[in-house]
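S.K.: Compact mmCIF, C-alpha atoms and all ligand atoms, saved as query-v9.txt, coming up:
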```txt
# COMPACT_ATOMS: atom_id res chain seq x y z
CA LEU A 22 15.34 1.94 45.96
CA THR A 23 17.94 2.50 43.25
CA GLN A 24 18.21 -0.18 40.57
CA PRO A 25 21.73 -1.58 40.15
CA GLY A 26 23.54 0.45 37.50
CA THR A 27 21.36 3.59 37.79
CA MET A 28 22.44 6.81 39.44
CA PRO A 29 20.40 8.57 42.15
CA MET A 30 19.27 12.06 40.96
CA SER A 31 21.11 13.69 43.85
CA SER A 32 24.46 12.38 42.59
CA MET A 33 23.92 13.47 38.93
CA SER A 34 26.03 16.40 37.70
CA LYS A 35 24.35 19.77 37.01
CA GLU A 36 25.10 19.36 33.25
CA ALA A 37 23.46 15.91 33.20
CA LEU A 38 20.35 17.28 34.94
CA ILE A 39 20.07 20.19 32.47
CA GLY A 40 20.59 17.77 29.54
CA THR A 41 17.87 15.40 30.82
CA ALA A 42 15.43 18.28 31.38
CA THR A 43 16.12 19.67 27.87
CA LEU A 44 15.49 16.26 26.29
CA GLY A 45 12.20 16.03 28.21
CA VAL A 46 11.05 19.44 26.94
CA VAL A 47 12.06 18.62 23.33
CA PHE A 48 10.17 15.30 23.52
CA THR A 49 7.00 16.93 24.96
CA VAL A 50 7.03 19.70 22.33
CA GLY A 51 7.57 17.05 19.58
CA VAL A 52 4.55 15.07 20.78
CA TRP A 53 2.45 18.26 20.94
CA ILE A 54 3.42 19.27 17.37
CA GLY A 55 2.76 15.73 16.13
CA LYS A 56 -0.74 15.69 17.65
CA LYS A 57 -1.59 19.20 16.48
CA TYR A 58 -0.37 19.01 12.89
CA PHE A 59 -0.64 15.38 11.81
CA HIS A 60 -4.07 13.95 11.29
CA PRO A 61 -3.89 10.19 11.88
CA HIS A 62 -5.72 9.40 8.62
CA THR A 63 -3.47 11.45 6.40
CA LEU A 64 -0.17 10.56 7.96
CA SER A 65 0.36 7.62 5.61
CA SER A 66 -0.50 9.70 2.54
CA LEU A 67 1.71 12.55 3.71
CA LEU A 68 4.61 10.25 4.36
CA LYS A 69 4.02 8.51 1.08
CA SER A 70 4.13 11.71 -0.91
CA HIS A 71 6.96 13.03 1.31
CA LYS A 72 4.92 16.16 1.95
CA MET A 73 5.37 16.54 5.70
CA LYS A 74 2.82 19.31 6.02
CA ASN A 75 -0.75 19.46 7.10
CA ASP A 76 -3.31 19.46 4.29
CA PRO A 77 -6.70 20.68 5.55
CA LEU A 78 -8.50 19.74 2.33
CA MET A 79 -7.15 16.18 2.45
CA ASN A 80 -8.21 15.96 6.09
CA TYR A 81 -11.66 17.15 5.02
CA VAL A 82 -11.82 14.48 2.30
CA LEU A 83 -10.88 11.74 4.76
CA ASP A 84 -13.16 13.05 7.50
CA HIS A 85 -16.04 12.94 5.05
CA SER A 86 -15.39 9.66 3.28
CA LEU A 87 -13.05 7.27 5.06
CA ARG A 88 -14.80 4.26 6.58
CA GLU A 89 -11.96 2.19 7.86
CA HIS A 90 -12.54 -1.15 9.60
CA SER A 91 -11.21 -1.00 13.17
CA VAL A 92 -8.60 -3.75 12.54
CA LEU A 93 -7.46 -2.09 9.30
CA LYS A 94 -6.91 1.09 11.27
CA LYS A 95 -4.91 -0.82 13.88
CA LEU A 96 -2.75 -2.34 11.13
CA ARG A 97 -2.21 1.07 9.52
CA LEU A 98 -1.15 2.66 12.80
CA CYS A 99 1.12 -0.29 13.58
CA THR A 100 2.70 -0.10 10.09
CA LEU A 101 3.38 3.62 10.56
CA GLY A 102 5.93 2.60 13.19
CA HIS A 103 7.87 0.53 10.62
CA PRO A 104 10.95 2.07 8.93
CA LYS A 105 9.54 1.34 5.44
CA CYS A 106 6.04 2.65 6.21
CA GLU A 107 6.03 4.91 3.14
CA MET A 108 5.45 1.70 1.12
CA MET A 109 1.99 1.21 2.62
CA VAL A 110 -0.93 1.90 0.30
CA ALA A 111 -2.84 5.12 1.11
CA CYS A 112 -6.04 4.36 3.03
CA GLU A 113 -8.30 6.37 0.66
CA HIS A 114 -6.81 4.50 -2.31
CA ALA A 115 -7.41 1.13 -0.63
CA GLN A 116 -10.99 2.14 0.13
CA LEU A 117 -11.58 3.03 -3.53
CA MET A 118 -10.28 -0.39 -4.62
CA GLY A 119 -12.47 -2.10 -2.03
CA ASN A 120 -15.51 -0.22 -3.30
CA LEU A 121 -14.73 -1.19 -6.91
CA ALA A 122 -14.25 -4.82 -5.88
CA ARG A 123 -17.66 -4.71 -4.19
CA LEU A 124 -19.27 -3.18 -7.30
CA ILE A 125 -18.09 -6.02 -9.52
CA ASN A 126 -18.86 -8.71 -6.90
CA ALA A 127 -15.23 -9.74 -6.82
CA LYS A 128 -14.36 -13.17 -5.42
CA LYS A 129 -10.81 -13.63 -6.62
CA VAL A 130 -8.17 -10.93 -6.15
CA LEU A 131 -4.46 -10.69 -7.02
CA GLU A 132 -2.28 -8.57 -4.74
CA ILE A 133 1.18 -8.06 -6.30
CA GLY A 134 3.27 -6.55 -3.48
CA VAL A 135 1.83 -7.15 -0.02
CA TYR A 136 4.18 -5.41 2.49
CA THR A 137 2.30 -5.57 5.85
CA GLY A 138 -0.89 -6.45 4.03
CA TYR A 139 -3.07 -3.37 4.47
CA ASN A 140 -4.76 -3.85 1.12
CA ALA A 141 -4.72 -7.64 1.35
CA LEU A 142 -6.76 -7.27 4.57
CA ASN A 143 -8.92 -4.53 3.04
CA MET A 144 -9.84 -6.84 0.16
CA ALA A 145 -10.29 -9.93 2.35
CA LEU A 146 -12.79 -7.98 4.48
CA ILE A 147 -14.89 -7.30 1.39
CA LEU A 148 -14.78 -10.69 -0.29
CA PRO A 149 -17.37 -13.37 0.43
CA ASP A 150 -16.32 -16.18 2.78
CA ASP A 151 -15.19 -18.37 -0.12
CA GLY A 152 -13.33 -15.48 -1.78
CA LYS A 153 -9.52 -15.47 -2.15
CA VAL A 154 -6.73 -12.91 -2.21
CA ILE A 155 -3.63 -14.41 -3.84
CA ALA A 156 -0.98 -12.31 -2.12
CA CYS A 157 2.48 -12.17 -3.77
CA ASP A 158 5.61 -10.93 -2.04
CA ILE A 159 9.24 -11.91 -1.47
CA ASN A 160 9.59 -10.59 2.07
CA GLU A 161 8.10 -12.71 4.87
CA ASP A 162 9.28 -10.29 7.58
CA TYR A 163 6.97 -7.53 6.35
CA ILE A 164 4.07 -9.96 6.08
CA SER A 165 4.60 -11.31 9.59
CA ILE A 166 3.75 -7.81 10.89
CA GLY A 167 0.34 -7.92 9.22
CA LYS A 168 -0.63 -11.56 9.77
CA PRO A 169 -1.89 -11.20 13.38
CA PHE A 170 -4.24 -8.43 12.21
CA TRP A 171 -5.63 -10.63 9.40
CA LYS A 172 -6.33 -13.25 12.07
CA GLU A 173 -7.86 -10.74 14.47
CA ALA A 174 -10.23 -9.60 11.71
CA GLY A 175 -11.20 -13.25 11.13
CA VAL A 176 -10.35 -13.22 7.42
CA ASP A 177 -6.88 -14.82 7.33
CA HIS A 178 -8.37 -17.90 5.64
CA LYS A 179 -9.12 -15.74 2.59
CA ILE A 180 -5.51 -14.62 2.11
CA GLU A 181 -3.28 -17.11 0.31
CA LEU A 182 0.38 -16.13 0.47
CA ARG A 183 2.85 -16.86 -2.33
CA ILE A 184 6.35 -15.98 -1.12
CA LYS A 185 8.50 -15.85 -4.24
CA PRO A 186 9.12 -13.37 -7.07
CA ALA A 187 5.68 -12.30 -8.29
CA ILE A 188 6.46 -13.09 -11.95
CA GLN A 189 6.98 -16.71 -10.94
CA THR A 190 3.65 -16.82 -9.08
CA LEU A 191 1.80 -15.26 -12.01
CA GLU A 192 3.37 -17.78 -14.40
CA GLU A 193 2.34 -20.63 -12.09
CA LEU A 194 -1.24 -19.35 -12.00
CA LEU A 195 -1.32 -19.19 -15.80
CA THR A 196 0.14 -22.70 -16.09
CA ALA A 197 -2.46 -23.95 -13.61
CA GLY A 198 -5.19 -22.78 -16.00
CA GLU A 199 -6.30 -19.74 -13.98
CA ALA A 200 -6.32 -17.30 -16.93
CA GLU A 201 -9.52 -15.21 -17.11
CA THR A 202 -10.55 -16.19 -13.56
CA PHE A 203 -9.52 -13.14 -11.48
CA ASP A 204 -11.85 -10.22 -10.80
CA PHE A 205 -9.35 -7.68 -9.50
CA ALA A 206 -5.58 -7.19 -9.60
CA PHE A 207 -3.51 -4.63 -7.72
CA ILE A 208 0.02 -4.02 -9.03
CA ASP A 209 2.15 -2.55 -6.25
CA ALA A 210 5.55 -4.30 -6.15
CA ASP A 211 8.94 -3.41 -7.69
CA LYS A 212 8.68 -0.92 -10.54
CA VAL A 213 11.12 -2.37 -13.09
CA ASN A 214 8.84 -5.38 -13.63
CA MET A 215 5.61 -3.39 -13.94
CA ASP A 216 5.01 -4.31 -17.56
CA GLU A 217 5.58 -8.01 -16.78
CA TYR A 218 2.95 -7.75 -14.03
CA TYR A 219 0.60 -5.82 -16.31
CA GLU A 220 0.72 -8.36 -19.14
CA ARG A 221 0.34 -11.40 -16.91
CA SER A 222 -2.40 -9.82 -14.79
CA LEU A 223 -4.32 -8.90 -17.91
CA ARG A 224 -4.30 -12.56 -18.94
CA LEU A 225 -5.40 -13.64 -15.47
CA LEU A 226 -8.29 -11.13 -15.31
CA ARG A 227 -11.73 -11.99 -16.63
CA ARG A 228 -13.50 -9.60 -19.00
CA GLY A 229 -14.79 -6.70 -16.92
CA GLY A 230 -12.08 -7.40 -14.34
CA VAL A 231 -10.31 -4.39 -12.86
CA MET A 232 -6.58 -3.77 -12.61
CA ALA A 233 -5.25 -0.98 -10.37
CA ILE A 234 -1.64 0.11 -10.84
CA ASP A 235 -0.07 2.17 -8.08
CA ASN A 236 2.60 4.91 -8.24
CA VAL A 237 1.98 5.81 -11.88
CA LEU A 238 3.04 9.43 -11.19
CA TRP A 239 6.07 8.43 -9.08
CA GLY A 240 6.19 11.72 -7.20
CA GLY A 241 6.09 13.64 -10.51
CA LYS A 242 9.26 12.04 -11.91
CA VAL A 243 7.34 10.71 -14.93
CA LEU A 244 7.21 14.28 -16.26
CA ASN A 245 10.90 14.22 -16.92
CA PRO A 246 12.17 10.64 -16.78
CA ASP A 247 15.90 10.42 -16.18
CA LYS A 248 17.34 7.80 -18.56
CA ASN A 249 19.42 6.30 -15.72
CA ASP A 250 16.43 5.95 -13.41
CA LEU A 251 15.09 2.51 -14.35
CA ASP A 252 12.03 2.71 -12.08
CA THR A 253 10.80 5.96 -13.59
CA GLN A 254 11.58 4.72 -17.11
CA SER A 255 9.57 1.56 -16.51
CA ILE A 256 6.56 3.42 -15.07
CA HIS A 257 6.58 6.00 -17.86
CA ARG A 258 6.86 3.33 -20.59
CA LEU A 259 3.89 1.46 -19.13
CA ASN A 260 1.85 4.69 -18.86
CA GLU A 261 2.56 5.37 -22.55
CA LYS A 262 1.55 1.83 -23.48
CA ILE A 263 -1.67 1.69 -21.46
CA VAL A 264 -3.14 4.88 -22.88
CA GLN A 265 -2.96 3.23 -26.36
CA ASP A 266 -3.95 -0.28 -25.23
CA THR A 267 -7.25 -1.27 -26.87
CA ARG A 268 -7.56 -4.36 -24.62
CA VAL A 269 -8.61 -2.10 -21.71
CA ILE A 270 -10.60 0.99 -20.88
CA VAL A 271 -8.59 3.29 -18.71
CA SER A 272 -8.58 6.12 -16.16
CA MET A 273 -5.53 7.66 -14.54
CA LEU A 274 -6.38 9.09 -11.13
CA THR A 275 -4.34 11.65 -9.19
CA ILE A 276 -5.19 9.95 -5.90
CA ALA A 277 -2.14 9.22 -3.66
CA ASP A 278 0.94 8.79 -5.91
CA GLY A 279 -1.22 8.27 -9.02
CA VAL A 280 -3.32 5.21 -9.77
CA THR A 281 -4.25 3.82 -13.17
CA LEU A 282 -7.45 1.81 -13.42
CA ALA A 283 -7.46 -0.50 -16.44
CA ILE A 284 -10.61 -2.52 -17.03
CA LYS A 285 -10.36 -5.54 -19.32
CA ILE A 286 -12.66 -5.35 -22.31
C1 LIG B 301 4.70 -0.78 -2.00
S1 LIG B 301 4.87 -2.29 -1.12
C2 LIG B 301 3.25 -2.99 -1.20
C3 LIG B 301 2.21 -2.25 -0.37
C4 LIG B 301 0.92 -3.03 -0.19
N1 LIG B 301 0.21 -3.23 -1.44
C5 LIG B 301 -0.02 -2.42 0.84
O1 LIG B 301 -1.22 -2.73 0.81
O2 LIG B 301 0.43 -1.66 1.72
C6 LIG B 301 5.83 -3.24 -2.23
C7 LIG B 301 6.06 -4.69 -1.85
O3 LIG B 301 6.54 -5.38 -3.01
C8 LIG B 301 7.40 -6.40 -2.59
N2 LIG B 301 8.24 -6.81 -3.73
C9 LIG B 301 9.34 -6.22 -4.24
N3 LIG B 301 9.83 -6.92 -5.27
C10 LIG B 301 9.00 -7.98 -5.44
C11 LIG B 301 8.99 -9.08 -6.36
N4 LIG B 301 9.90 -9.22 -7.32
N5 LIG B 301 8.00 -9.99 -6.22
C12 LIG B 301 7.05 -9.86 -5.25
N6 LIG B 301 7.04 -8.85 -4.37
C13 LIG B 301 7.99 -7.93 -4.46
C14 LIG B 301 8.19 -5.77 -1.44
O4 LIG B 301 8.73 -6.78 -0.60
C15 LIG B 301 7.11 -4.93 -0.76
O5 LIG B 301 6.53 -5.63 0.32
```
Written as structure tokens, how would this file's structure read?
Ligand SMILES: C[S@@+](CC[C@H](N)C(=O)[O-])C[C@H]1O[C@@H](n2cnc3c(N)ncnc32)[C@H](O)[C@@H]1O
M.R.:
Amino acid sequence: LTQPGTMPMSSMSKEALIGTATLGVVFTVGVWIGKKYFHPHTLSSLLKSHKMKNDPLMNYVLDHSLREHSVLKKLRLCTLGHPKCEMMVACEHAQLMGNLARLINAKKVLEIGVYTGYNALNMALILPDDGKVIACDINEDYISIGKPFWKEAGVDHKIELRIKPAIQTLEELLTAGEAETFDFAFIDADKVNMDEYYERSLRLLRRGGVMAIDNVLWGGKVLNPDKNDLDTQSIHRLNEKIVQDTRVIVSMLTIADGVTLAIKI
């Protein structure tokens, strides 16, 4: 039975048949190359760093350390199908933050820049049942991709969304008297406002609270910041400030796109 509007094979031209067969071969070879050369764990990191090549050592690291919750993995794989997937946090970076949050018995976490909520879910899975992730973003469409996974993991009640510019949310938290009450803050939104996020998060963190700042190497651009590139300028200025900042102890890690850990003294 031929569906209305489709052409029986027998009536297709020779050129159309050859074209269809060629497309089929190209597709099959593409799938084979994808499976052979792209390890599912590293795909997000590779995309993030725009290095579309296999990295056996990175695969080894992930094979010997990544312990990803099954729903987190589902969310990561789902997000990889999104056109902006390079924004997703690297899984090994998220795991490190989760481990640090566990170490300090975190209950209250700030997520500045949520996207599909990989790290929001990662943190919610670690927090106690009465713990909270205050999740700041301006884009509800991205978040709606992640929400069903938060629910599936049974931790959606721990994620409190604030859909508005993050500076406004941080100001509201300060006005509400929540200074010194957060255990962990992750700065991962727009880059021009990084210092605004840093200063406000520092006030919101308790002593001994941990701040993680993503993309501090910005693909290496910080080595030679172009004066017209406002993102790189902003990241570089903050890097120069933090290394001198006596309010925190600091480590800059070369994980993913560079992560600074600043712990409030
Ligand atoms: C790199 S992504 C965040 C990735 C996320 N942390 C994760 O776990 O995958 C950056 C996010 O920041 C959000 N964003 C950009 N400007 C913002 C602003 N002014 N206030 C709040 N969120 C903002 C974007 O909508 C985007 O979802």
S.K.: Find the residues near ligand LIG 301 (chain B). Use a cut-off of 7 Å, count all atoms listed in the file, and write them as a ChimeraX atom specification.
M.R.: /A:108-110,132-141,157-160,163,185-188,209-211
S.K.: Restricting the calculation to only C-alpha atoms, which member of A:Leu121, A:Leu146, A:Leu87, A:Ala197 is positioned closest to Ile284 in chain A?
M.R.: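 With only C-alpha atoms as the atom set, the closest residue is A:Leu121.
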S.K.: Could you name the residues that touch range 264-279 of chain A at 12 Å or less, counting only C-alpha atoms, but leaving out those on the same chain fewer than 2 positions away, as a PyMOL selection string?
M.R.: chain A and resi 63-72+79+82+107-118+209+219-220+223-224+226-243+256-262+281-286
S.K.: Considering all atoms listed in the file, state which residue in the set A:Asp76, A:Glu217, A:Lys212, A:Lys179 is at the smallest distance from Asp150 in chain A.
M.R.: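 For Asp150 in chain A, the nearest of the given residues is A:Lys179.
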S.K.: Pick the closest to Ala145 in chain A from A:Ala122, A:Gln189, A:Leu96, A:His85: which is it, counting all atoms listed in the file?
M.R.: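 The closest residue to Ala145 in chain A is A:Ala122.
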S.K.: Leaving out range 154-156 of chain A and any residue of its chain fewer than 6 positions from it, which residues lie within 6 Å of it when counting only C-alpha atoms, given as a count of residues only?
M.R.: 7
S.K.: Just want the 10 Å neighbourhood of Arg221 in chain A, counted on only C-alpha atoms, with same-chain residues fewer than 4 positions away dropped. Output as an MDAnalysis selection string.
M.R.: chainID A and resid 188 191:192 194:195 200 216:217 225:226
S.K.: Edge lengths and centre in Å to one decimal, as JSON, of the axis-aligned box that encloses all listed atoms of range 88-101 of chain A with 8 Å added on every side?
M.R.:
```
{"center_x": -5.7, "center_y": 0.3, "center_z": 10.2, "size_x": 34.2, "size_y": 24.0, "size_z": 23.3}
```
S.K.: What's the separation between CA of Lys153 in chain A and CA of Ala174 in chain A, in Å to one decimal place?
M.R.: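 Computed distance, CA of Lys153 in chain A to CA of Ala174 in chain A, equals 15.1 Å.
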S.K.: Give as a PyMOL selection string every residue, naming chains and numbers as the document does, that has an atom within 12 Å of (-11.2, -1.4, 14.1), counting all atoms listed in the file.
M.R.: chain A and resi 88-98+143+146+170-171+173-174
S.K.: Got a minute to add all heavy atoms to range 216-227 of chain A and dump it as a short mmCIF file (atom, residue, chain, number, x, y, z; two decimals), keeping the file's coordinate frame?
M.R.:
```cif
data_model
loop_
_atom_site.label_atom_id
_atom_site.label_comp_id
_atom_site.auth_asym_id
_atom_site.auth_seq_id
_atom_site.Cartn_x
_atom_site.Cartn_y
_atom_site.Cartn_z
N ASP A 216 5.64 -3.84 -16.32
CA ASP A 216 5.01 -4.31 -17.56
C ASP A 216 4.79 -5.83 -17.53
O ASP A 216 3.78 -6.32 -18.04
CB ASP A 216 5.87 -3.90 -18.77
CG ASP A 216 5.12 -4.15 -20.07
OD1 ASP A 216 3.90 -3.91 -20.11
OD2 ASP A 216 5.75 -4.63 -21.03
N GLU A 217 5.73 -6.55 -16.92
CA GLU A 217 5.58 -8.01 -16.78
C GLU A 217 4.33 -8.31 -15.95
O GLU A 217 3.56 -9.22 -16.27
CB GLU A 217 6.79 -8.63 -16.07
CG GLU A 217 8.14 -8.23 -16.62
CD GLU A 217 8.43 -8.92 -17.95
OE1 GLU A 217 7.80 -9.93 -18.24
OE2 GLU A 217 9.27 -8.38 -18.69
N TYR A 218 4.14 -7.54 -14.89
CA TYR A 218 2.95 -7.75 -14.03
C TYR A 218 1.68 -7.38 -14.80
O TYR A 218 0.66 -8.06 -14.70
CB TYR A 218 3.06 -6.90 -12.75
CG TYR A 218 4.27 -7.22 -11.90
CD1 TYR A 218 4.94 -6.24 -11.19
CD2 TYR A 218 4.76 -8.53 -11.80
CE1 TYR A 218 6.06 -6.53 -10.41
CE2 TYR A 218 5.88 -8.83 -11.03
CZ TYR A 218 6.52 -7.83 -10.34
OH TYR A 218 7.62 -8.12 -9.58
N TYR A 219 1.77 -6.28 -15.55
CA TYR A 219 0.60 -5.82 -16.31
C TYR A 219 0.15 -6.90 -17.30
O TYR A 219 -1.03 -7.27 -17.33
CB TYR A 219 0.95 -4.51 -17.03
CG TYR A 219 -0.14 -3.98 -17.92
CD1 TYR A 219 -1.26 -3.35 -17.37
CD2 TYR A 219 -0.07 -4.10 -19.31
CE1 TYR A 219 -2.27 -2.85 -18.18
CE2 TYR A 219 -1.08 -3.61 -20.13
CZ TYR A 219 -2.18 -2.98 -19.56
OH TYR A 219 -3.18 -2.50 -20.36
N GLU A 220 1.09 -7.39 -18.10
CA GLU A 220 0.72 -8.36 -19.14
C GLU A 220 0.15 -9.65 -18.54
O GLU A 220 -0.86 -10.17 -19.01
CB GLU A 220 1.94 -8.68 -20.02
CG GLU A 220 2.30 -7.57 -21.00
CD GLU A 220 1.15 -7.24 -21.97
OE1 GLU A 220 0.36 -8.12 -22.32
OE2 GLU A 220 1.07 -6.06 -22.37
N ARG A 221 0.80 -10.14 -17.50
CA ARG A 221 0.34 -11.40 -16.91
C ARG A 221 -0.99 -11.20 -16.17
O ARG A 221 -1.89 -12.05 -16.24
CB ARG A 221 1.40 -11.98 -15.98
CG ARG A 221 2.57 -12.59 -16.75
CD ARG A 221 3.76 -12.84 -15.87
NE ARG A 221 4.87 -13.43 -16.59
CZ ARG A 221 5.74 -12.76 -17.35
NH1 ARG A 221 5.60 -11.45 -17.51
NH2 ARG A 221 6.73 -13.39 -17.96
N SER A 222 -1.14 -10.07 -15.50
CA SER A 222 -2.40 -9.82 -14.79
C SER A 222 -3.55 -9.69 -15.77
O SER A 222 -4.66 -10.16 -15.51
CB SER A 222 -2.31 -8.53 -13.95
OG SER A 222 -1.31 -8.66 -12.99
N LEU A 223 -3.27 -9.06 -16.90
CA LEU A 223 -4.32 -8.90 -17.91
C LEU A 223 -4.81 -10.27 -18.39
O LEU A 223 -6.01 -10.47 -18.60
CB LEU A 223 -3.75 -8.08 -19.09
CG LEU A 223 -4.75 -7.34 -19.95
CD1 LEU A 223 -5.71 -6.48 -19.14
CD2 LEU A 223 -4.00 -6.46 -20.96
N ARG A 224 -3.89 -11.21 -18.55
CA ARG A 224 -4.30 -12.56 -18.94
C ARG A 224 -5.08 -13.25 -17.83
O ARG A 224 -6.00 -14.03 -18.07
CB ARG A 224 -3.07 -13.39 -19.32
CG ARG A 224 -2.47 -12.94 -20.66
CD ARG A 224 -1.10 -13.52 -20.90
NE ARG A 224 -1.11 -14.97 -21.01
CZ ARG A 224 -0.02 -15.74 -20.92
NH1 ARG A 224 1.17 -15.19 -20.69
NH2 ARG A 224 -0.11 -17.04 -21.03
N LEU A 225 -4.73 -12.96 -16.60
CA LEU A 225 -5.40 -13.64 -15.47
C LEU A 225 -6.78 -13.04 -15.17
O LEU A 225 -7.65 -13.73 -14.61
CB LEU A 225 -4.52 -13.56 -14.21
CG LEU A 225 -3.29 -14.48 -14.27
CD1 LEU A 225 -2.25 -14.08 -13.23
CD2 LEU A 225 -3.69 -15.95 -14.05
N LEU A 226 -6.99 -11.78 -15.58
CA LEU A 226 -8.29 -11.13 -15.31
C LEU A 226 -9.37 -11.63 -16.25
O LEU A 226 -9.10 -11.88 -17.44
CB LEU A 226 -8.17 -9.62 -15.50
CG LEU A 226 -7.58 -8.77 -14.38
CD1 LEU A 226 -7.59 -7.30 -14.82
CD2 LEU A 226 -8.34 -8.93 -13.07
N ARG A 227 -10.57 -11.71 -15.77
CA ARG A 227 -11.73 -11.99 -16.63
C ARG A 227 -12.12 -10.70 -17.36
O ARG A 227 -11.68 -9.61 -16.97
CB ARG A 227 -12.90 -12.47 -15.78
CG ARG A 227 -13.38 -11.41 -14.76
CD ARG A 227 -14.80 -11.68 -14.34
NE ARG A 227 -15.22 -10.94 -13.16
CZ ARG A 227 -15.88 -9.78 -13.18
NH1 ARG A 227 -16.13 -9.15 -14.34
NH2 ARG A 227 -16.29 -9.22 -12.05
#
```
